[in-house]
file target.txt (compact mmCIF, C-alpha atoms)
# COMPACT_ATOMS: atom_id res chain seq x y z
CA MET A 27 38.07 21.45 -37.68
CA SER A 28 37.19 22.14 -34.03
CA LYS A 29 35.42 25.42 -34.91
CA SER A 30 33.02 23.59 -37.23
CA LEU A 31 32.05 20.93 -34.66
CA ARG A 32 29.07 21.00 -32.34
CA LEU A 33 29.80 21.53 -28.63
CA SER A 34 28.92 17.95 -27.65
CA GLU A 35 30.86 16.67 -30.65
CA LYS A 36 33.95 18.55 -29.46
CA TRP A 37 33.79 16.87 -26.05
CA PHE A 38 33.22 13.50 -27.67
CA HIS A 39 36.33 14.07 -29.80
CA ARG A 40 38.36 15.02 -26.73
CA GLY A 41 37.15 11.91 -24.94
CA LEU A 42 38.08 9.77 -27.93
CA TRP A 43 41.58 11.28 -27.94
CA VAL A 44 41.81 10.24 -24.28
CA VAL A 45 40.80 6.73 -25.36
CA ALA A 46 43.51 6.83 -28.05
CA ALA A 47 46.12 7.93 -25.51
CA ALA A 48 45.06 5.24 -23.00
CA PHE A 49 45.10 2.59 -25.73
CA ALA A 50 48.58 3.72 -26.82
CA ALA A 51 49.81 3.69 -23.19
CA SER A 52 48.56 0.13 -22.70
CA LEU A 53 50.20 -1.04 -25.92
CA ILE A 54 53.44 0.76 -24.97
CA GLY A 55 53.45 -0.94 -21.57
CA LEU A 56 52.89 -4.37 -23.11
CA GLY A 57 55.47 -3.75 -25.83
CA GLY A 58 58.02 -2.47 -23.31
CA THR A 59 57.58 -5.62 -21.22
CA VAL A 60 58.09 -7.84 -24.26
CA VAL A 61 61.14 -5.87 -25.45
CA ASN A 62 62.74 -5.88 -21.99
CA ASP A 63 62.43 -9.67 -21.89
CA LEU A 64 64.07 -10.13 -25.30
CA PRO A 65 67.69 -10.24 -23.95
CA GLN A 66 66.73 -13.22 -21.79
CA VAL A 67 66.42 -15.28 -24.97
CA GLU A 68 70.20 -15.11 -25.37
CA GLY A 69 71.05 -15.98 -21.78
CA ARG A 70 73.71 -14.40 -19.59
CA LEU A 71 77.30 -14.77 -20.78
CA ARG A 72 80.34 -14.99 -18.47
CA VAL A 73 84.03 -14.95 -19.23
CA GLU A 74 84.44 -18.40 -17.60
CA GLN A 75 82.33 -19.91 -20.40
CA PHE A 76 85.02 -18.98 -22.95
CA MET A 77 88.04 -20.30 -20.98
CA ASP A 78 89.53 -23.70 -21.80
CA PRO A 79 88.88 -25.87 -18.69
CA ALA A 80 92.00 -27.94 -19.41
CA VAL A 81 94.11 -24.77 -19.13
CA ALA A 82 92.16 -22.66 -16.68
CA GLY A 83 91.55 -25.51 -14.18
CA PRO A 84 95.20 -26.21 -13.32
CA LEU A 85 95.99 -22.47 -13.27
CA ASN A 86 93.17 -21.83 -10.82
CA ALA A 87 94.41 -24.73 -8.70
CA ARG A 88 97.94 -23.27 -8.75
CA VAL A 89 96.66 -19.84 -7.73
CA GLN A 90 94.62 -21.30 -4.88
CA ALA A 91 97.49 -23.49 -3.71
CA ALA A 92 99.86 -20.51 -3.78
CA GLU A 93 97.35 -18.41 -1.85
CA THR A 94 97.00 -21.18 0.75
CA ALA A 95 100.78 -21.55 1.06
CA GLN A 96 101.19 -17.80 1.36
CA GLU A 97 98.57 -17.64 4.12
CA LYS A 98 100.30 -20.47 6.02
CA ALA A 99 103.70 -18.85 5.55
CA SER A 100 102.32 -15.55 6.77
CA ASP A 101 100.93 -17.20 9.91
CA ALA A 102 104.20 -19.06 10.51
CA LEU A 103 106.20 -15.88 9.91
CA GLU A 104 104.11 -14.08 12.49
CA GLN A 105 104.75 -16.82 15.02
CA ALA A 106 108.48 -16.88 14.22
CA GLY A 107 108.65 -13.10 14.51
CA LEU A 108 107.03 -13.31 17.94
CA GLN A 109 109.53 -15.98 19.03
CA LEU A 110 112.40 -13.85 17.72
CA SER A 111 111.12 -10.87 19.67
CA VAL A 112 110.98 -12.97 22.84
CA ALA A 113 114.53 -14.29 22.28
CA GLU A 114 115.90 -10.80 21.58
CA THR A 115 114.28 -9.46 24.74
CA ALA A 116 115.66 -12.30 26.89
CA SER A 117 119.15 -11.90 25.40
CA ARG A 118 119.12 -8.14 25.88
CA ASN A 119 117.96 -8.41 29.51
CA ALA A 120 120.58 -11.03 30.31
CA ARG A 121 123.34 -8.92 28.70
CA GLU A 122 122.28 -5.87 30.72
CA THR A 123 122.29 -7.93 33.91
CA PHE A 124 125.73 -9.32 33.07
CA GLU A 125 127.13 -5.88 32.36
CA ASN A 126 125.78 -4.58 35.66
CA TRP A 127 127.24 -7.55 37.49
CA ILE A 128 130.66 -6.99 35.84
CA ALA A 129 130.56 -3.33 36.76
CA THR A 130 130.05 -4.08 40.46
CA ARG A 131 132.54 -6.86 40.74
CA ARG A 132 136.25 -7.04 40.13
CA ALA A 133 136.97 -9.77 37.58
CA THR A 134 139.55 -12.42 38.40
CA ALA A 135 142.80 -12.57 36.47
CA GLN A 136 142.12 -16.18 35.52
CA PRO A 137 138.66 -16.60 34.04
CA ASP A 138 138.75 -20.39 34.27
CA GLN A 139 138.88 -20.10 38.03
CA ASP A 140 135.80 -17.97 38.23
CA PRO A 141 132.83 -20.40 37.89
CA GLU A 142 130.11 -17.76 38.14
CA LEU A 143 131.65 -15.67 35.34
CA ILE A 144 131.96 -18.73 33.17
CA ALA A 145 128.36 -19.75 33.89
CA ARG A 146 127.05 -16.29 33.05
CA THR A 147 129.07 -16.19 29.83
CA ARG A 148 127.73 -19.57 28.80
CA GLY A 149 124.18 -18.41 29.58
CA LEU A 150 124.65 -15.39 27.32
CA ASP A 151 126.01 -17.59 24.57
CA LEU A 152 123.03 -19.88 24.89
CA LEU A 153 120.57 -16.99 24.68
CA LYS A 154 122.43 -15.62 21.67
CA GLN A 155 122.23 -19.02 20.05
CA LYS A 156 118.46 -19.12 20.61
CA GLU A 157 118.16 -15.62 19.18
CA ASP A 158 120.08 -16.67 16.07
CA GLU A 159 117.90 -19.76 15.70
CA ALA A 160 114.75 -17.63 15.94
CA GLN A 161 116.17 -15.23 13.35
CA ALA A 162 116.94 -18.16 11.07
CA ARG A 163 113.35 -19.41 11.40
CA VAL A 164 112.06 -15.92 10.57
CA ASP A 165 114.30 -15.74 7.51
CA ALA A 166 113.16 -19.18 6.41
CA GLN A 167 109.47 -18.25 6.72
CA ARG A 168 110.10 -15.05 4.84
CA GLN A 169 111.66 -17.06 2.05
CA ILE A 170 108.70 -19.45 2.02
CA ALA A 171 106.25 -16.53 1.91
CA LEU A 172 108.24 -14.89 -0.90
CA ASP A 173 108.29 -18.13 -2.90
CA ALA A 174 104.51 -18.53 -2.41
CA GLN A 175 103.93 -14.94 -3.45
CA GLN A 176 106.03 -15.32 -6.57
CA ALA A 177 104.30 -18.60 -7.43
CA GLN A 178 100.92 -16.96 -6.99
CA ALA A 179 101.98 -13.99 -9.15
CA ALA A 180 103.22 -16.31 -11.91
CA ALA A 181 100.05 -18.42 -11.82
CA GLN A 182 97.88 -15.32 -11.71
CA GLN A 183 99.75 -13.83 -14.66
CA ALA A 184 99.21 -16.96 -16.71
CA LEU A 185 95.55 -17.07 -15.65
CA SER A 186 95.17 -13.39 -16.59
CA ALA A 187 96.48 -14.13 -20.06
CA VAL A 188 93.90 -16.90 -20.45
CA GLU A 189 91.19 -14.56 -19.11
CA ARG A 190 92.18 -11.81 -21.56
CA GLU A 191 91.90 -14.24 -24.44
CA ALA A 192 88.54 -15.45 -23.13
CA GLN A 193 87.42 -11.83 -22.65
CA GLY A 194 88.14 -11.15 -26.32
CA ARG A 195 85.94 -14.08 -27.32
CA LEU A 196 83.30 -12.93 -24.82
CA ASP A 197 83.28 -9.41 -26.28
CA ALA A 198 82.88 -10.80 -29.79
CA GLU A 199 80.02 -13.03 -28.67
CA LEU A 200 78.41 -10.10 -26.83
CA ARG A 201 78.52 -8.06 -30.03
CA ARG A 202 76.90 -10.91 -31.93
CA SER A 203 74.32 -11.30 -29.17
CA GLU A 204 73.65 -7.56 -29.31
CA MET A 205 73.08 -7.82 -33.05
CA ARG A 206 70.73 -10.75 -32.56
CA VAL A 207 68.75 -8.89 -29.88
CA PHE A 208 68.60 -5.87 -32.17
CA GLY A 209 67.34 -8.19 -34.91
CA TYR A 210 64.62 -9.39 -32.53
CA ARG A 211 63.68 -5.76 -31.82
CA LEU A 212 63.68 -4.96 -35.53
CA ALA A 213 61.56 -8.01 -36.33
CA LEU A 214 59.12 -6.86 -33.66
CA THR A 215 58.95 -3.14 -34.48
CA LEU A 216 59.22 -3.15 -38.28
CA PRO A 217 55.86 -4.91 -38.84
CA LEU A 218 54.34 -2.47 -36.35
CA LEU A 219 55.62 0.45 -38.43
CA VAL A 220 54.27 -1.11 -41.64
CA VAL A 221 50.85 -1.67 -40.07
CA ALA A 222 50.90 1.85 -38.57
CA GLY A 223 51.73 3.33 -41.97
CA TRP A 224 48.88 1.43 -43.61
CA LEU A 225 46.47 2.50 -40.86
CA PHE A 226 47.60 6.12 -41.21
CA ALA A 227 47.05 6.04 -44.96
CA LYS A 228 43.74 4.16 -44.99
CA LYS A 229 42.01 4.22 -41.61
CA ARG A 230 42.99 7.36 -39.69
CA LYS A 231 39.65 9.02 -40.48
CA GLY A 232 37.51 5.92 -40.08
CA THR A 233 34.98 5.05 -37.42
CA TYR A 234 37.53 3.52 -35.07
CA TRP A 235 40.13 6.26 -35.48
CA PRO A 236 41.00 6.45 -31.72
CA PHE A 237 42.36 2.90 -31.83
CA VAL A 238 44.12 3.64 -35.13
CA TRP A 239 45.90 6.67 -33.68
CA GLY A 240 46.65 4.81 -30.47
CA PHE A 241 48.35 2.06 -32.45
CA ILE A 242 50.25 4.67 -34.52
CA PHE A 243 51.56 6.35 -31.35
CA PHE A 244 52.57 2.94 -30.00
CA ALA A 245 54.43 2.04 -33.21
CA LEU A 246 56.29 5.38 -33.21
CA PHE A 247 57.23 4.93 -29.56
CA ALA A 248 58.45 1.40 -30.23
CA PHE A 249 60.61 2.64 -33.10
CA PHE A 250 62.14 5.74 -31.54
CA VAL A 251 62.44 4.47 -27.94
CA GLU A 252 62.69 0.68 -28.10
CA LEU A 253 64.68 0.33 -31.35
CA VAL A 254 66.71 3.42 -32.33
CA PRO A 255 68.67 3.76 -29.02
CA TYR A 256 69.81 0.12 -29.37
CA LEU A 257 70.99 0.52 -32.94
CA PRO A 258 74.64 -0.69 -33.10
CA SER A 259 76.96 2.25 -33.59
CA TYR A 260 80.31 0.89 -34.86
CA GLY A 261 81.87 4.30 -34.37
CA GLY A 262 78.76 6.14 -35.53
CA TYR A 263 78.86 4.86 -39.11
CA VAL A 264 75.78 2.65 -38.82
CA ARG A 265 73.63 5.28 -37.13
CA TYR A 266 74.61 7.99 -39.58
CA VAL A 267 73.98 5.70 -42.55
CA VAL A 268 70.61 4.66 -41.13
CA GLY A 269 69.79 8.33 -40.53
CA ILE A 270 70.65 9.16 -44.12
CA VAL A 271 68.56 6.27 -45.47
CA VAL A 272 65.55 7.16 -43.30
CA THR A 273 65.87 10.83 -44.25
CA VAL A 274 66.08 10.02 -47.97
CA VAL A 275 63.09 7.65 -47.81
CA ALA A 276 60.99 10.12 -45.78
CA GLY A 277 62.04 13.04 -48.00
CA ARG A 278 61.26 11.11 -51.18
CA TYR A 279 57.84 10.17 -49.81
CA ALA A 280 57.18 13.81 -48.80
CA ILE A 281 58.21 15.11 -52.24
CA ALA A 282 56.04 12.53 -54.01
CA ALA A 283 53.12 13.36 -51.71
CA LEU A 284 53.57 17.07 -52.41
CA ASN A 285 53.60 16.47 -56.17
CA ARG A 286 50.46 14.34 -55.95
CA TYR A 287 48.76 17.02 -53.89
CA LEU A 288 49.68 19.76 -56.39
CA ALA A 289 48.47 17.58 -59.27
CA ARG A 290 45.13 17.02 -57.51
CA GLN A 291 44.83 20.74 -56.84
CA ARG A 292 45.51 21.64 -60.47
CA LEU A 293 42.98 19.08 -61.62
CA ALA A 294 40.39 20.34 -59.12
CA GLU A 295 40.94 23.98 -60.06
CA ALA A 296 40.30 23.10 -63.71
CA GLN A 297 36.78 21.84 -62.90
CA PRO A 298 33.66 24.06 -62.85
CA GLU A 299 33.17 26.14 -59.73
CA LEU A 300 29.94 24.39 -58.71
CA VAL A 301 31.49 20.95 -59.02
CA ARG A 302 34.47 21.98 -56.90
CA ARG A 303 32.19 23.36 -54.19
CA GLU A 304 30.13 20.16 -54.07
CA GLU A 305 33.28 18.05 -53.69
CA LEU A 306 34.27 20.00 -50.60
CA SER A 307 32.78 18.72 -47.37
CA TYR A 308 31.03 21.17 -45.12
CA ASP A 309 33.42 20.67 -42.19
CA THR A 310 36.49 20.98 -44.42
CA ALA A 311 35.24 24.22 -45.93
CA LEU A 312 34.47 25.75 -42.52
CA THR A 313 37.84 24.65 -41.16
CA ARG A 314 39.74 26.29 -44.01
CA LEU A 315 37.63 29.46 -43.85
CA SER A 316 38.34 29.72 -40.10
CA LYS A 317 42.06 29.72 -40.96
CA GLY A 318 41.65 32.58 -43.47
CA VAL A 319 42.40 30.47 -46.54
CA CYS A 320 40.39 29.58 -49.62
CA PRO A 321 38.54 26.25 -49.20
CA GLY A 322 39.35 25.35 -52.80
CA CYS A 323 43.06 26.13 -53.25
CA GLU A 324 44.06 26.77 -49.61
CA ARG A 325 45.78 30.06 -50.47
CA PRO A 326 45.40 33.07 -48.13
CA VAL A 327 42.36 35.28 -48.82
CA ASP A 328 41.20 38.43 -47.03
CA LEU A 329 37.78 37.15 -45.99
CA LYS A 330 37.04 40.33 -44.03
CA ASN A 331 37.06 42.42 -47.21
CA PRO A 332 33.37 42.91 -48.19
CA GLU A 333 34.31 43.41 -51.84
CA ILE A 334 35.82 39.92 -52.23
CA ASP A 335 33.18 37.34 -53.22
CA PHE A 336 35.46 34.99 -55.20
CA CYS A 337 38.93 33.62 -54.59
CA PRO A 338 41.41 35.69 -56.59
CA HIS A 339 43.62 32.59 -57.02
CA CYS A 340 41.28 29.84 -58.17
CA GLY A 341 37.96 31.66 -58.79
CA ILE A 342 35.80 29.57 -56.45
CA GLY A 343 32.87 31.43 -54.91
CA LEU A 344 33.40 32.42 -51.31
CA PHE A 345 30.36 34.63 -50.72
CA ASP A 346 26.97 34.92 -52.43
CA HIS A 347 23.59 36.48 -51.73
CA CYS A 348 20.53 34.82 -50.31
CA GLY A 349 17.84 34.24 -52.91
CA ALA A 350 15.13 35.20 -50.42
CA CYS A 351 16.48 38.28 -48.61
CA ASP A 352 19.52 39.14 -50.76
CA ALA A 353 21.79 39.17 -47.66
CA ARG A 354 25.51 38.52 -48.27
CA LYS A 355 26.53 35.17 -46.79
CA SER A 356 29.18 32.47 -47.09
CA ALA A 357 28.75 30.40 -50.21
CA PHE A 358 29.33 27.27 -48.10
CA SER A 359 26.64 28.02 -45.51
CA LYS A 360 23.71 25.63 -45.53
CA PHE A 361 21.28 28.29 -44.36
CA CYS A 362 21.09 32.06 -44.65
CA PRO A 363 22.19 33.66 -41.36
CA ALA A 364 19.76 36.57 -41.97
CA CYS A 365 16.49 34.80 -42.81
CA GLY A 366 17.24 31.09 -42.35
CA THR A 367 16.37 30.13 -45.90
CA SER A 368 18.00 26.88 -47.06
CA ALA A 369 20.88 27.41 -49.44
CA GLN A 370 20.09 24.12 -51.18
CA LYS A 371 17.32 25.73 -53.25
CA GLN A 372 19.69 28.31 -54.65
CA THR A 373 22.21 25.56 -55.48
CA LEU A 374 19.56 23.57 -57.36
CA SER A 375 18.52 26.68 -59.28
CA LEU A 376 22.13 27.40 -60.23
CA ARG A 377 22.59 23.78 -61.34
CA GLU A 378 19.49 23.96 -63.55
CA THR A 379 20.80 27.19 -65.07
CA MET A 380 24.16 25.58 -65.87
CA ALA A 381 22.44 22.51 -67.35
CA GLY A 382 20.29 24.71 -69.61
CA ALA A 383 23.34 26.60 -70.80
CA LEU A 384 25.07 23.41 -71.98
CA PRO A 385 24.47 22.41 -75.65
CA ALA A 386 22.12 19.50 -76.20
call {"tool": "encode", "arguments": {"input": "target.txt", "output": "structure tokens"}}
result
Amino acid sequence: MSKSLRLSEKWFHRGLWVVAAAFAASLIGLGGTVVNDLPQVEGRLRVEQFMDPAVAGPLNARVQAAETAQEKASDALEQAGLQLSVAETASRNARETFENWIATRRATAQPDQDPELIARTRGLDLLKQKEDEAQARVDAQRQIALDAQQAQAAAQQALSAVEREAQGRLDAELRRSEMRVFGYRLALTLPLLVVAGWLFAKKRKGTYWPFVWGFIFFALFAFFVELVPYLPSYGGYVRYVVGIVVTVVAGRYAIAALNRYLARQRLAEAQPELVRREELSYDTALTRLSKGVCPGCERPVDLKNPEIDFCPHCGIGLFDHCGACDARKSAFSKFCPACGTSAQKQTLSLRETMAGALPA
């Protein structure tokens, strides 16, 4: 159609397409904001909401108590280990000193008569006793830490079982919430598609066509971007079934539209040639001629062949001769390109001739 438009009209059409695109972009932005806020209707779900407080509360308390006991036992074990290290060092130093003293001195034959030897031996025994006591404290703290760790593990295991059960309920609720949100999206986008389809069928060539096309683009974007990607999959079954249904519906509509078009074409081709030419708009005829097809039946025609004046498929006149200068011109031209004579006079003359040929 662009070849049949005036230059200013072409720029106006381009500007109106810009208006349509801007209108669609604004609607898409508004719709995207609304759709993004839809999940907030459901609220945020957490696994704690699906745990029984009567069961989870005591288990959490047990876990925390075990963690606290384990921390205390770890601190006490560290202190006991330090005390054991000090006792072992003191005992080792004293034993080395005693062994050096024994090596440099000749022991008496009667130990009970040697007070210094007895005193040193008792000192070593005392240090050894302290070392054993420190080791016992370390062992005791290790046992306490182990008991706390095992208690924590048992409580955590029981709590994990409760959490797994709650997670199952959470997953089920999330799936239901996802279905509800998808229902909200469907309830929002489906009416848009219905309105867009009605506008496409009835108003796409009207006065306000930029807004019509802008709304159509917005509805298509909402369907393919805001709805289809969030369609529940269930292993792909739902999406494939929906794809099949949409394909069947679209294919059935396309087949029916094709049959209606062919029926209209057959009916039009059965009418007189003058009537068919008058039913064709000037812009439509020029658009089809610019594509190298017949304006009447839309089949390919060699328009550059000077010997072809009528369509070989439907018989509609493509070229005629000016009544004033006899120049060959397009039968759909409003004026003769050679002399500028109006083609309307020739059309009226032809109509009068046809009317006179009809029986009274």
call {"tool": "residues_around", "arguments": {"input": "target.txt", "residues": "segment 354-357 of chain A", "least_positions_apart": "5", "cutoff": "6 Å", "atoms": "all atoms listed in the file", "output": "PyMOL selection string"}}
result
chain A and resi 344-347
call {"tool": "atom_distance", "arguments": {"input": "target.txt", "atom1": "atom CA of Glu204 of chain A", "atom2": "atom CA of Gly58 of chain A"}}
result
17.5 Å
call {"tool": "residues_around", "arguments": {"input": "target.txt", "residues": "segment 185-189 of chain A", "least_positions_apart": "3", "cutoff": "7 Å", "atoms": "all atoms listed in the file", "output": "PyMOL selection string"}}
result
chain A and resi 77+82+85+181-182+192-193
call {"tool": "closest_residue", "arguments": {"input": "target.txt", "among": "A:Ser117, A:Glu191, A:Ile342, A:Leu103", "to": "Val164 of chain A", "atoms": "all atoms listed in the file"}}
result
A:Leu103
call {"tool": "decode", "arguments": {"input": "target.txt", "residues": "segment 141-236 of chain A", "atoms": "C-alpha atoms", "output": "mmCIF file, in the first residue's frame"}}
result
data_model
loop_
_atom_site.group_PDB
_atom_site.id
_atom_site.type_symbol
_atom_site.label_atom_id
_atom_site.label_comp_id
_atom_site.auth_asym_id
_atom_site.auth_seq_id
_atom_site.Cartn_x
_atom_site.Cartn_y
_atom_site.Cartn_z
ATOM 1 C CA PRO A 141 65.744 -37.580 103.478
ATOM 2 C CA GLU A 142 66.522 -35.623 100.323
ATOM 3 C CA LEU A 143 65.952 -38.679 98.091
ATOM 4 C CA ILE A 144 62.695 -39.386 99.839
ATOM 5 C CA ALA A 145 61.585 -35.758 99.501
ATOM 6 C CA ARG A 146 62.396 -35.691 95.795
ATOM 7 C CA THR A 147 60.571 -38.973 95.225
ATOM 8 C CA ARG A 148 57.513 -37.671 97.028
ATOM 9 C CA GLY A 149 57.642 -34.470 94.961
ATOM 10 C CA LEU A 150 57.671 -36.524 91.758
ATOM 11 C CA ASP A 151 54.749 -38.581 92.990
ATOM 12 C CA LEU A 152 52.829 -35.433 93.782
ATOM 13 C CA LEU A 153 53.475 -33.968 90.336
ATOM 14 C CA LYS A 154 52.441 -37.255 88.742
ATOM 15 C CA GLN A 155 49.269 -37.207 90.781
ATOM 16 C CA LYS A 156 48.485 -33.681 89.565
ATOM 17 C CA GLU A 157 49.174 -34.764 85.998
ATOM 18 C CA ASP A 158 46.770 -37.697 86.372
ATOM 19 C CA GLU A 159 44.129 -35.414 87.860
ATOM 20 C CA ALA A 160 44.488 -32.996 84.935
ATOM 21 C CA GLN A 161 44.217 -35.899 82.498
ATOM 22 C CA ALA A 162 41.087 -37.084 84.281
ATOM 23 C CA ARG A 163 39.545 -33.609 83.970
ATOM 24 C CA VAL A 164 40.394 -33.557 80.264
ATOM 25 C CA ASP A 165 38.795 -36.968 79.776
ATOM 26 C CA ALA A 166 35.720 -35.856 81.683
ATOM 27 C CA GLN A 167 35.315 -32.720 79.550
ATOM 28 C CA ARG A 168 35.786 -34.758 76.423
ATOM 29 C CA GLN A 169 33.000 -37.044 77.562
ATOM 30 C CA ILE A 170 30.758 -34.057 78.304
ATOM 31 C CA ALA A 171 31.499 -32.569 74.872
ATOM 32 C CA LEU A 172 30.816 -35.916 73.196
ATOM 33 C CA ASP A 173 27.513 -36.299 75.052
ATOM 34 C CA ALA A 174 26.497 -32.745 74.050
ATOM 35 C CA GLN A 175 27.461 -33.419 70.453
ATOM 36 C CA GLN A 176 25.470 -36.627 70.344
ATOM 37 C CA ALA A 177 22.482 -34.929 71.976
ATOM 38 C CA GLN A 178 22.663 -32.128 69.439
ATOM 39 C CA ALA A 179 22.919 -34.627 66.565
ATOM 40 C CA ALA A 180 19.897 -36.565 67.837
ATOM 41 C CA ALA A 181 17.832 -33.398 68.316
ATOM 42 C CA GLN A 182 18.927 -32.071 64.940
ATOM 43 C CA GLN A 183 18.014 -35.358 63.278
ATOM 44 C CA ALA A 184 14.545 -35.274 64.792
ATOM 45 C CA LEU A 185 14.172 -31.614 63.824
ATOM 46 C CA SER A 186 15.318 -32.423 60.275
ATOM 47 C CA ALA A 187 12.616 -35.062 59.996
ATOM 48 C CA VAL A 188 10.006 -32.497 61.064
ATOM 49 C CA GLU A 189 11.478 -29.977 58.591
ATOM 50 C CA ARG A 190 11.365 -32.518 55.746
ATOM 51 C CA GLU A 191 7.719 -33.184 56.445
ATOM 52 C CA ALA A 192 7.035 -29.444 56.602
ATOM 53 C CA GLN A 193 9.027 -28.946 53.388
ATOM 54 C CA GLY A 194 6.751 -31.430 51.629
ATOM 55 C CA ARG A 195 3.703 -29.459 52.722
ATOM 56 C CA LEU A 196 5.448 -26.225 51.731
ATOM 57 C CA ASP A 197 6.216 -27.571 48.242
ATOM 58 C CA ALA A 198 2.601 -28.630 47.793
ATOM 59 C CA GLU A 199 1.375 -25.213 48.910
ATOM 60 C CA LEU A 200 3.899 -23.511 46.612
ATOM 61 C CA ARG A 201 2.545 -25.513 43.681
ATOM 62 C CA ARG A 202 -0.991 -24.483 44.587
ATOM 63 C CA SER A 203 0.154 -20.885 44.982
ATOM 64 C CA GLU A 204 1.863 -21.081 41.592
ATOM 65 C CA MET A 205 -1.369 -22.326 40.048
ATOM 66 C CA ARG A 206 -3.311 -19.509 41.688
ATOM 67 C CA VAL A 207 -0.825 -16.895 40.458
ATOM 68 C CA PHE A 208 -1.028 -18.428 36.989
ATOM 69 C CA GLY A 209 -4.816 -18.201 37.263
ATOM 70 C CA TYR A 210 -4.456 -14.507 38.107
ATOM 71 C CA ARG A 211 -2.224 -14.049 35.049
ATOM 72 C CA LEU A 212 -4.686 -15.970 32.884
ATOM 73 C CA ALA A 213 -7.627 -13.945 34.185
ATOM 74 C CA LEU A 214 -5.680 -10.799 33.343
ATOM 75 C CA THR A 215 -4.351 -11.751 29.903
ATOM 76 C CA LEU A 216 -7.241 -13.789 28.475
ATOM 77 C CA PRO A 217 -9.674 -10.833 28.319
ATOM 78 C CA LEU A 218 -6.880 -8.800 26.725
ATOM 79 C CA LEU A 219 -6.520 -11.443 24.005
ATOM 80 C CA VAL A 220 -10.288 -11.513 23.425
ATOM 81 C CA VAL A 221 -10.433 -7.722 23.131
ATOM 82 C CA ALA A 222 -7.342 -7.727 20.889
ATOM 83 C CA GLY A 223 -8.930 -10.336 18.627
ATOM 84 C CA TRP A 224 -12.128 -8.303 18.358
ATOM 85 C CA LEU A 225 -10.149 -5.131 17.624
ATOM 86 C CA PHE A 226 -8.109 -6.949 14.978
ATOM 87 C CA ALA A 227 -11.248 -8.245 13.295
ATOM 88 C CA LYS A 228 -13.322 -5.065 13.473
ATOM 89 C CA LYS A 229 -11.191 -1.977 14.098
ATOM 90 C CA ARG A 230 -7.687 -2.512 12.711
ATOM 91 C CA LYS A 231 -8.435 -0.325 9.672
ATOM 92 C CA GLY A 232 -10.478 2.288 11.508
ATOM 93 C CA THR A 233 -9.660 5.893 12.275
ATOM 94 C CA TYR A 234 -7.864 5.108 15.515
ATOM 95 C CA TRP A 235 -5.890 2.155 14.163
ATOM 96 C CA PRO A 236 -2.579 3.161 15.896
#
